[in-house]
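**Student:** Shown below is the structure under consideration.
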Amino acid sequence: MPRPKNAMEIFIQLDKSNCRECGEMTCLAFAGAVYQGRRQIKACPKLDLTVIEQFSDASEIRKALDQNGDEYLESLKREIGSIDLAAAAERVGAVYSVGKLTLKVLGKNFSVDNQGNLSSDIHINPWVAIPVIDYICSGEGLNPSARWVSFRELKDGKERYPLFHKRCEEPMKRVADIYTDLFDDLVRIFGGKQVEQQFESDISVVVHPLPKVPIMICYWRPEDGMESDLNLFFDDTADKNLTIGSVFTLGAGLSQMLDKLALRHGFPEVESPE
Ligand code: SF4
C-alpha cells in the first residue's frame, strides 16, 4: 500500500470520538503520530480490520489483523452481556435455551452465552467469531430477499471492494483453480447447496456462514485462452444484517478456511501476491 500522503488521509478513517484509548489526546494527534511513523495504526481499537490493512505494510498485516481481531472480539463479547439474548435469537434466526444462543455457521452449531463465552463444532477464530457476534448484537435480522449483489453494491462496499477482491475473491479463485473438489466439499462439509448457474457462471454454490447472510460463490472455468474467474455475491440485505466490516471479515475468513481445506488435501498454500 502506498504511504499516506498526509495525516488527514489517516484521520478521516478514524472514529473521531477522541476517546483516548490509544493513549493520544485526540484522534488528530493519533493520525499525526501514525503519519510520522511514531505509532502504528493498529493501536486504535476502534478501527475496522480493512482500514488496518490499508495502512499497514504487507509484513505487518496478518499480525495486526490477528491482534486487533482479538481485542475487538473481546469488546464484542462484553457487549453480549448487555443484550437480551432470547430476543436476539428470535431476530437473527437462532435458538435460545438455558442462557445460550445457538445458531448455524456453515451448517455447524455455534453458541454464545450471556457472559460472551463461545463454543462451537468448528474452530473458533476472530475471522468467524467477530461477524457472528456482530450479527447477534447489531444485525437487523431481515430475511434474505434472494436478490444477489456484489460486495461493491453493498452500503460502503464500493471503496473497500478492491481490497475485498484482493483478500477474498482472488485467493478463493486460486484455490478453486487447483482444488477441483472444492465445490463438492463446500456442499458436503459445510452444508452448501449447488444452485442453478447464476451470472452465466459454470458453478454456483450457496453457503450460509450465518443463518440470514447467505453467500453465493460463482466460478467461471478457464476457456479459450480466458482465465478463470470467481466472484462472491451477497443477498442485498447483507449490509442490514451485518456491518460492512463484518461482511468483509466473513469473506476473508471463508477464503482462509478454503485455503486450509485445500492444504489438508495436499495442495500447496495459496500465496497472495503483494
Ligand atoms: S483510540 Fe482511536 S478513536 Fe480513540 S482517540 Fe485514539 S484514534 Fe481516536
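Going by the C-alpha cells order, chains are called A, B, ..., each with residues numbered from 1, while ligands are numbered from 1 in the order shown.
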Check which residues fall inside 8 Å of ligand 1 when counting only C-alpha atoms and all ligand atoms, and print them as a VMD selection string.

**Tutor:** chain A and resid 14 to 31 43 to 47

**Student:** Filtering to C-alpha atoms, could you give me those residues as a short mmCIF file (atom, residue, chain, number, x, y, z; two decimals), in the first residue's frame?

**Tutor:**
```
data_model
loop_
_atom_site.label_atom_id
_atom_site.label_comp_id
_atom_site.auth_asym_id
_atom_site.auth_seq_id
_atom_site.Cartn_x
_atom_site.Cartn_y
_atom_site.Cartn_z
CA LEU A 14 -10.70 7.32 12.49
CA ASP A 15 -13.70 7.26 14.79
CA LYS A 16 -13.15 10.97 15.73
CA SER A 17 -14.51 10.39 19.24
CA ASN A 18 -11.23 11.50 20.89
CA CYS A 19 -11.78 8.63 23.35
CA ARG A 20 -8.01 8.48 24.17
CA GLU A 21 -7.93 4.67 24.27
CA CYS A 22 -4.88 4.81 22.01
CA GLY A 23 -3.05 6.96 24.56
CA GLU A 24 -3.19 10.15 22.44
CA MET A 25 -5.26 13.17 23.46
CA THR A 26 -7.16 13.34 20.17
CA CYS A 27 -7.77 11.36 17.02
CA LEU A 28 -5.94 14.07 15.09
CA ALA A 29 -2.86 13.68 17.28
CA PHE A 30 -3.01 9.95 16.72
CA ALA A 31 -3.29 10.41 12.95
CA ALA A 43 -3.14 0.96 18.26
CA CYS A 44 -6.62 2.44 17.70
CA PRO A 45 -9.00 -0.31 18.87
CA LYS A 46 -11.96 1.23 17.06
CA LEU A 47 -10.80 0.64 13.53
#
```

**Student:** Give me the residues within 6 Å of region 171-180 of chain A as number ranges by chain, counting only C-alpha atoms and dropping any in the same chain fewer than 3 places off.

**Tutor:** A: 168, 230, 255

**Student:** Would you save the residues of that selection, restricted to N, CA, C and O atoms, as a PDB file, in the first residue's frame?

**Tutor:**
```pdb
ATOM      1  N   CYS A 168     -10.210 -11.693  -0.741  1.00  0.00           N
ATOM      2  CA  CYS A 168     -11.215 -12.766  -0.678  1.00  0.00           C
ATOM      3  C   CYS A 168     -11.375 -13.482  -2.019  1.00  0.00           C
ATOM      4  O   CYS A 168     -11.229 -14.703  -2.081  1.00  0.00           O
ATOM      5  N   LEU A 230     -13.697 -15.898 -10.314  1.00  0.00           N
ATOM      6  CA  LEU A 230     -14.554 -16.263  -9.178  1.00  0.00           C
ATOM      7  C   LEU A 230     -15.041 -14.985  -8.511  1.00  0.00           C
ATOM      8  O   LEU A 230     -14.265 -14.054  -8.298  1.00  0.00           O
ATOM      9  N   SER A 255     -12.433 -17.453   2.742  1.00  0.00           N
ATOM     10  CA  SER A 255     -11.325 -17.669   1.829  1.00  0.00           C
ATOM     11  C   SER A 255     -10.175 -18.400   2.531  1.00  0.00           C
ATOM     12  O   SER A 255      -9.596 -19.359   2.007  1.00  0.00           O
TER      13      SER A 255
END
```

**Student:** When DSSP works through the backbone of this structure, what residues of region 46-236 of chain A end up as strand (DSSP E or B), shown as a PyMOL selection string?

**Tutor:** chain A and resi 95-97+100-105+108-113+118-120+148-150+193-194+203-210+213-220+223+226+229-235

**Student:** Within 8 Å of region 239-251 of chain A, counting only C-alpha atoms, which residues qualify if same-chain residues fewer than 3 places away don't, as number ranges by chain?

**Tutor:** A: 48-50, 127-128, 130-131, 134-135, 138-142, 154-157, 164, 168, 209, 212-213, 236, 254-255

**Student:** Would you pick out the contacts of Lys193 (chain A) at 6 Å or less, using only C-alpha atoms, so that residues sharing its chain but fewer than 6 positions from it are not included, and give the list as a ChimeraX atom specification?

**Tutor:** /A:187,205-206

**Student:** State, in Å with one decimal place, the distance from CA of Leu232 (chain A) to CA of Arg160 (chain A).

**Tutor:**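 Going from CA of Leu232 (chain A) over to CA of Arg160 (chain A), I get 14.1 Å.
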
**Student:** Here is a test: counting only C-alpha atoms, which residue of A:Asn143, A:Ser150, A:Asn109, A:Gln194 is nearest to Glu169 (chain A)?

**Tutor:** A:Ser150

**Student:** Would you work out the distance separating CA of Cys137 (chain A) from CA of Phe55 (chain A), expressed in Å to one decimal?

**Tutor:** 28.0 Å

**Student:** Between A:Asn117, A:Gly253, A:Arg188, A:Phe183, which has the minimum distance to Ser204 (chain A) (counting only C-alpha atoms)?

**Tutor:**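 The shortest atom-to-atom distance to Ser204 (chain A) comes from A:Phe183.
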
**Student:** Could you name the residues that touch Gln115 (chain A) at 8 Å or less, counting only C-alpha atoms, but leaving out those on the same chain fewer than 2 positions away, as a list in words?

**Tutor:**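 The neighbour list is Lys77, Arg78, Ile80, Gly81, Val112, Asp113 and Asn117 of chain A.
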
**Student:** Just write the chosen residues, N, CA, C and O atoms, as an mmCIF file, in the first residue's frame.

**Tutor:**
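File again-v1.cif, as written:
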```cif
data_model
loop_
_atom_site.group_PDB
_atom_site.id
_atom_site.type_symbol
_atom_site.label_atom_id
_atom_site.label_comp_id
_atom_site.auth_asym_id
_atom_site.auth_seq_id
_atom_site.Cartn_x
_atom_site.Cartn_y
_atom_site.Cartn_z
ATOM 1 N N LYS A 77 -17.557 -9.356 22.915
ATOM 2 C CA LYS A 77 -18.031 -10.332 23.900
ATOM 3 C C LYS A 77 -18.629 -9.617 25.113
ATOM 4 O O LYS A 77 -19.633 -10.048 25.665
ATOM 5 N N ARG A 78 -17.978 -8.503 25.503
ATOM 6 C CA ARG A 78 -18.516 -7.736 26.635
ATOM 7 C C ARG A 78 -19.896 -7.186 26.288
ATOM 8 O O ARG A 78 -20.780 -7.108 27.126
ATOM 9 N N ILE A 80 -22.127 -8.522 24.476
ATOM 10 C CA ILE A 80 -23.133 -9.595 24.533
ATOM 11 C C ILE A 80 -23.869 -9.570 25.879
ATOM 12 O O ILE A 80 -25.067 -9.800 25.959
ATOM 13 N N GLY A 81 -23.117 -9.270 26.944
ATOM 14 C CA GLY A 81 -23.708 -9.254 28.285
ATOM 15 C C GLY A 81 -24.806 -8.222 28.435
ATOM 16 O O GLY A 81 -25.628 -8.313 29.344
ATOM 17 N N VAL A 112 -23.267 -18.956 21.939
ATOM 18 C CA VAL A 112 -22.712 -17.895 22.786
ATOM 19 C C VAL A 112 -23.635 -17.745 23.987
ATOM 20 O O VAL A 112 -24.863 -17.787 23.840
ATOM 21 N N ASP A 113 -23.031 -17.646 25.206
ATOM 22 C CA ASP A 113 -23.881 -17.450 26.381
ATOM 23 C C ASP A 113 -23.863 -15.979 26.782
ATOM 24 O O ASP A 113 -23.192 -15.160 26.162
ATOM 25 N N ASN A 117 -19.226 -16.210 26.418
ATOM 26 C CA ASN A 117 -18.426 -17.421 26.161
ATOM 27 C C ASN A 117 -18.907 -18.086 24.868
ATOM 28 O O ASN A 117 -20.110 -18.222 24.644
#
```

**Student:** As a ChimeraX atom specification, please: every residue in region 2-232 of chain A that a backbone DSSP assignment puts in helix (DSSP H, G or I).

**Tutor:** /A:7-11,27-35,41-43,49-55,58-80,85-92,126-138,151-153,161-178,182-190

**Student:** Here is a test: counting only C-alpha atoms, which residue of A:Ile52, A:Ala33, A:Met8, A:Cys218 is nearest to Ser201 (chain A)?

**Tutor:** A:Cys218

**Student:** If we count only C-alpha atoms, what is near Asn114 (chain A) at a cut-off of 12 Å, once residues fewer than 6 positions away on the same chain are taken out, given as a list in words?

**Tutor:**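 Close residues of Asn114 (chain A): Leu76, Lys77, Arg78, Glu79, Ile80, Gly81, Ser82, Ile83, Asp84, Leu85, Ala86, Ala88, Ala89, Tyr96, Ser97, Val98, Gly99, Lys100, Leu101, Thr102, Ile133, Ile136 and Cys137 of chain A.
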
**Student:** Please produce a file of the residues just selected, as a PDB file, in the first residue's frame, where the atoms kept are N, CA, C and O atoms.

**Tutor:**
```pdb
ATOM      1  N   LEU A  76     -16.516  -7.054  21.775  1.00  0.00           N
ATOM      2  CA  LEU A  76     -17.839  -7.528  21.347  1.00  0.00           C
ATOM      3  C   LEU A  76     -18.424  -8.516  22.358  1.00  0.00           C
ATOM      4  O   LEU A  76     -19.616  -8.496  22.643  1.00  0.00           O
ATOM      5  N   LYS A  77     -17.557  -9.356  22.915  1.00  0.00           N
ATOM      6  CA  LYS A  77     -18.031 -10.332  23.900  1.00  0.00           C
ATOM      7  C   LYS A  77     -18.629  -9.617  25.113  1.00  0.00           C
ATOM      8  O   LYS A  77     -19.633 -10.048  25.665  1.00  0.00           O
ATOM      9  N   ARG A  78     -17.978  -8.503  25.503  1.00  0.00           N
ATOM     10  CA  ARG A  78     -18.516  -7.736  26.635  1.00  0.00           C
ATOM     11  C   ARG A  78     -19.896  -7.186  26.288  1.00  0.00           C
ATOM     12  O   ARG A  78     -20.780  -7.108  27.126  1.00  0.00           O
ATOM     13  N   GLU A  79     -20.064  -6.808  25.018  1.00  0.00           N
ATOM     14  CA  GLU A  79     -21.340  -6.237  24.591  1.00  0.00           C
ATOM     15  C   GLU A  79     -22.470  -7.269  24.680  1.00  0.00           C
ATOM     16  O   GLU A  79     -23.621  -6.920  24.946  1.00  0.00           O
ATOM     17  N   ILE A  80     -22.127  -8.522  24.476  1.00  0.00           N
ATOM     18  CA  ILE A  80     -23.133  -9.595  24.533  1.00  0.00           C
ATOM     19  C   ILE A  80     -23.869  -9.570  25.879  1.00  0.00           C
ATOM     20  O   ILE A  80     -25.067  -9.800  25.959  1.00  0.00           O
ATOM     21  N   GLY A  81     -23.117  -9.270  26.944  1.00  0.00           N
ATOM     22  CA  GLY A  81     -23.708  -9.254  28.285  1.00  0.00           C
ATOM     23  C   GLY A  81     -24.806  -8.222  28.435  1.00  0.00           C
ATOM     24  O   GLY A  81     -25.628  -8.313  29.344  1.00  0.00           O
ATOM     25  N   SER A  82     -24.828  -7.215  27.564  1.00  0.00           N
ATOM     26  CA  SER A  82     -25.801  -6.126  27.739  1.00  0.00           C
ATOM     27  C   SER A  82     -27.032  -6.295  26.849  1.00  0.00           C
ATOM     28  O   SER A  82     -27.900  -5.440  26.828  1.00  0.00           O
ATOM     29  N   ILE A  83     -27.123  -7.384  26.095  1.00  0.00           N
ATOM     30  CA  ILE A  83     -28.302  -7.515  25.222  1.00  0.00           C
ATOM     31  C   ILE A  83     -29.187  -8.677  25.682  1.00  0.00           C
ATOM     32  O   ILE A  83     -28.733  -9.569  26.403  1.00  0.00           O
ATOM     33  N   ASP A  84     -30.437  -8.632  25.244  1.00  0.00           N
ATOM     34  CA  ASP A  84     -31.398  -9.685  25.566  1.00  0.00           C
ATOM     35  C   ASP A  84     -31.173 -10.819  24.554  1.00  0.00           C
ATOM     36  O   ASP A  84     -31.620 -10.750  23.404  1.00  0.00           O
ATOM     37  N   LEU A  85     -30.492 -11.864  25.002  1.00  0.00           N
ATOM     38  CA  LEU A  85     -30.111 -12.943  24.063  1.00  0.00           C
ATOM     39  C   LEU A  85     -31.328 -13.696  23.511  1.00  0.00           C
ATOM     40  O   LEU A  85     -31.324 -14.123  22.358  1.00  0.00           O
ATOM     41  N   ALA A  86     -32.371 -13.840  24.331  1.00  0.00           N
ATOM     42  CA  ALA A  86     -33.562 -14.559  23.860  1.00  0.00           C
ATOM     43  C   ALA A  86     -34.211 -13.787  22.712  1.00  0.00           C
ATOM     44  O   ALA A  86     -34.576 -14.365  21.679  1.00  0.00           O
ATOM     45  N   ALA A  88     -32.695 -11.571  20.830  1.00  0.00           N
ATOM     46  CA  ALA A  88     -31.748 -11.570  19.710  1.00  0.00           C
ATOM     47  C   ALA A  88     -31.865 -12.867  18.908  1.00  0.00           C
ATOM     48  O   ALA A  88     -31.819 -12.864  17.677  1.00  0.00           O
ATOM     49  N   ALA A  89     -32.040 -13.984  19.620  1.00  0.00           N
ATOM     50  CA  ALA A  89     -32.143 -15.288  18.937  1.00  0.00           C
ATOM     51  C   ALA A  89     -33.322 -15.287  17.972  1.00  0.00           C
ATOM     52  O   ALA A  89     -33.211 -15.740  16.827  1.00  0.00           O
ATOM     53  N   TYR A  96     -32.709 -20.109  21.370  1.00  0.00           N
ATOM     54  CA  TYR A  96     -32.254 -19.726  22.712  1.00  0.00           C
ATOM     55  C   TYR A  96     -32.710 -20.779  23.708  1.00  0.00           C
ATOM     56  O   TYR A  96     -33.866 -21.183  23.722  1.00  0.00           O
ATOM     57  N   SER A  97     -31.782 -21.230  24.532  1.00  0.00           N
ATOM     58  CA  SER A  97     -32.131 -22.211  25.556  1.00  0.00           C
ATOM     59  C   SER A  97     -31.129 -22.120  26.704  1.00  0.00           C
ATOM     60  O   SER A  97     -29.913 -22.070  26.461  1.00  0.00           O
ATOM     61  N   VAL A  98     -31.636 -22.119  27.921  1.00  0.00           N
ATOM     62  CA  VAL A  98     -30.838 -22.108  29.150  1.00  0.00           C
ATOM     63  C   VAL A  98     -29.658 -21.121  29.060  1.00  0.00           C
ATOM     64  O   VAL A  98     -28.490 -21.485  29.266  1.00  0.00           O
ATOM     65  N   GLY A  99     -29.975 -19.886  28.786  1.00  0.00           N
ATOM     66  CA  GLY A  99     -28.952 -18.823  28.802  1.00  0.00           C
ATOM     67  C   GLY A  99     -27.994 -18.858  27.622  1.00  0.00           C
ATOM     68  O   GLY A  99     -26.951 -18.182  27.638  1.00  0.00           O
ATOM     69  N   LYS A 100     -28.302 -19.645  26.618  1.00  0.00           N
ATOM     70  CA  LYS A 100     -27.366 -19.778  25.499  1.00  0.00           C
ATOM     71  C   LYS A 100     -28.069 -19.608  24.158  1.00  0.00           C
ATOM     72  O   LYS A 100     -29.141 -20.188  23.940  1.00  0.00           O
ATOM     73  N   LEU A 101     -27.479 -18.823  23.287  1.00  0.00           N
ATOM     74  CA  LEU A 101     -27.999 -18.658  21.921  1.00  0.00           C
ATOM     75  C   LEU A 101     -27.182 -19.562  20.996  1.00  0.00           C
ATOM     76  O   LEU A 101     -25.946 -19.544  21.036  1.00  0.00           O
ATOM     77  N   THR A 102     -27.875 -20.333  20.169  1.00  0.00           N
ATOM     78  CA  THR A 102     -27.165 -21.221  19.224  1.00  0.00           C
ATOM     79  C   THR A 102     -27.661 -20.970  17.813  1.00  0.00           C
ATOM     80  O   THR A 102     -28.874 -20.915  17.569  1.00  0.00           O
ATOM     81  N   ILE A 133     -20.776 -12.452  16.361  1.00  0.00           N
ATOM     82  CA  ILE A 133     -21.231 -11.622  17.493  1.00  0.00           C
ATOM     83  C   ILE A 133     -21.801 -10.298  16.992  1.00  0.00           C
ATOM     84  O   ILE A 133     -22.795  -9.796  17.512  1.00  0.00           O
ATOM     85  N   ILE A 136     -25.268 -10.977  15.935  1.00  0.00           N
ATOM     86  CA  ILE A 136     -26.194 -11.143  17.059  1.00  0.00           C
ATOM     87  C   ILE A 136     -26.491  -9.794  17.718  1.00  0.00           C
ATOM     88  O   ILE A 136     -27.634  -9.478  18.042  1.00  0.00           O
ATOM     89  N   CYS A 137     -25.447  -8.978  17.899  1.00  0.00           N
ATOM     90  CA  CYS A 137     -25.621  -7.712  18.642  1.00  0.00           C
ATOM     91  C   CYS A 137     -26.316  -6.645  17.809  1.00  0.00           C
ATOM     92  O   CYS A 137     -27.142  -5.899  18.323  1.00  0.00           O
TER      93      CYS A 137
END
```
